[in-house]
Amino acid sequence: MQRKREIRRRKRRRAFIRRLIQIGSAVILLGLLLWSFKILWGKWRPDAGAVTDTRQRFLTEAEKGLLADSLSLGGVINPENGKEDPGEPKTYSYTASEETRQLGEEDITSSFAIFVDTKNDAILASRDAFSRMVPASMTKVLTALVAAEHIDNLDDTFTITIDITDYSFRNGCSNAGFDRDETVTVRDLLYGAVLPSGADASLGLAIYVAGSQEAFVELMNEKLRELGLSKTSHFTNCVGIYEENHYSTAYDMAVMMEAAIQNDVCREIFSSRTYTTSSTEQHPEGISLSNWFVRRIEDKETNGILVYGKTGYVDESGSCAVSFGTREGDRTYICVTANSGSKWWCINDHAKLYQELTI
């Protein structure tokens, strides 16, 4: 009897050891597969590791010309001083008409949307465009605009602090990837805030410009008043994390996007596909940043329109995005969608609206 029990114990030990070996082998195999995939993805991924001499992938010269022509950028030369006079600043107001298309569930997955012809200031389509919604990281459109308007030297530097990294960690934010005590350029912060939607970069901009996030948010809300949006939009942070008094509308986000596109610095940033930050001690080769919204929507049919934009997501907002599109013939558009079930549905909503409303 005792011998039988001993045999059973030995069998159980051998079976347990076999299971451990099988599990270990599976883990090692999975690790090798993931490692191989990472290498192959880095080799085959478009633009992987590729940067231009300026360490950035901007628009081509032809695309830049198209964008400038579409926006009617450039003022009149003042004969008295030989300098360009930008003229009166544009006021932003979009009007609906009987032809404005009312979007429903059968049209798009997003609960909030607006599609604007910015040349004619006409609302071509909308869905609860004036209802309060959560802007998530679309907030950074205003963050970038306010920062750009207060920065004199893009090559000036700023050092990332532990308070910045801790804030980002506590709130589960996406980051550009800057390390604590890393000194980067202000230009790096701007690209880091927009392309990968970095909270570390956004907070860096706020502190660089105003000394604190709280003071910078005051500047943001001042800009909302200047744009005529203070009754329907209010921001409490520069990152886009959810807070009860941090809100906007699809209409207001369209206005903010158009104001940002009119700014030279913001226009260059929002139209960039990739960017590599400057070399630092922590990142000698810089950090490769990418605007995945722009690169993914380029694979969609948008009637030949160049599209640039900014995405966002928190649980309370769903997937959202604001984009600017332009093409030959002096045609410019802004699209805003919010509360979609996934980032791919959000991208598809934008692509579909560009397809159907820009014929």
# chains A, B, ... in the order shown; residues from 1 in each chain; ligands from 1
>>> residues_around(residues="Trp345 (chain A)", least_positions_apart="6", cutoff="10 Å", atoms="only C-alpha atoms", output="VMD selection string")
chain A and resid 108 to 110 319 to 320 351
>>> closest_atom_pairs(of="region 247-303 of chain A", to="region 208-232 of chain A", cutoff="9 Å", atoms="only C-alpha atoms", output="tab-separated table")
residue	atom	partner	partner_atom	distance
A:Tyr247	CA	A:Thr232	CA	7.9
A:Ser248	CA	A:Thr232	CA	6.1
A:Thr249	CA	A:Thr232	CA	6.9
A:Asp252	CA	A:Leu229	CA	6.4
A:Val255	CA	A:Leu227	CA	7.7
A:Met256	CA	A:Leu227	CA	7.9
A:Ala259	CA	A:Leu227	CA	8.4
>>> atom_distance(atom1="CA of Ser126 (chain A)", atom2="CA of Glu99 (chain A)")
11.1 Å
>>> closest_residue(among="A:Glu356, A:Asp349, A:Asp188, A:Glu285", to="Leu154 (chain A)", atoms="only C-alpha atoms")
A:Asp188
>>> select_by_dssp(residues="region 215-356 of chain A", states="strand (DSSP E)", output="number ranges by chain")
A: 274-276, 288-290, 306-314, 318-327, 331-340
>>> residues_around(residues="Asp117 (chain A)", least_positions_apart="2", cutoff="12 Å", atoms="only C-alpha atoms", output="number ranges by chain")
A: 70, 92-96, 100, 114-115, 119-126, 254-255, 258, 324-326, 330-335, 353-354, 357-358
>>> closest_residue(among="A:Ala199, A:Ile23, A:Ala15, A:Ala321", to="Asn171 (chain A)", atoms="only C-alpha atoms")
A:Ala199
>>> closest_residue(among="A:Met138, A:Lys352, A:Arg101, A:Phe16", to="Tyr242 (chain A)", atoms="only C-alpha atoms")
A:Met138
>>> select_by_dssp(residues="region 227-330 of chain A", states="alpha helix (DSSP H)", output="JSON, numbers by chain")
{"A": [250, 251, 252, 253, 254, 255, 256, 257, 258, 259, 260, 261, 264, 265, 266, 267, 268, 269, 270, 292, 293, 294, 295, 296, 297]}
>>> atom_distance(atom1="CA of Asp179 (chain A)", atom2="CA of Thr161 (chain A)")
8.4 Å
>>> atom_distance(atom1="CA of Arg187 (chain A)", atom2="CA of Val336 (chain A)")
26.1 Å
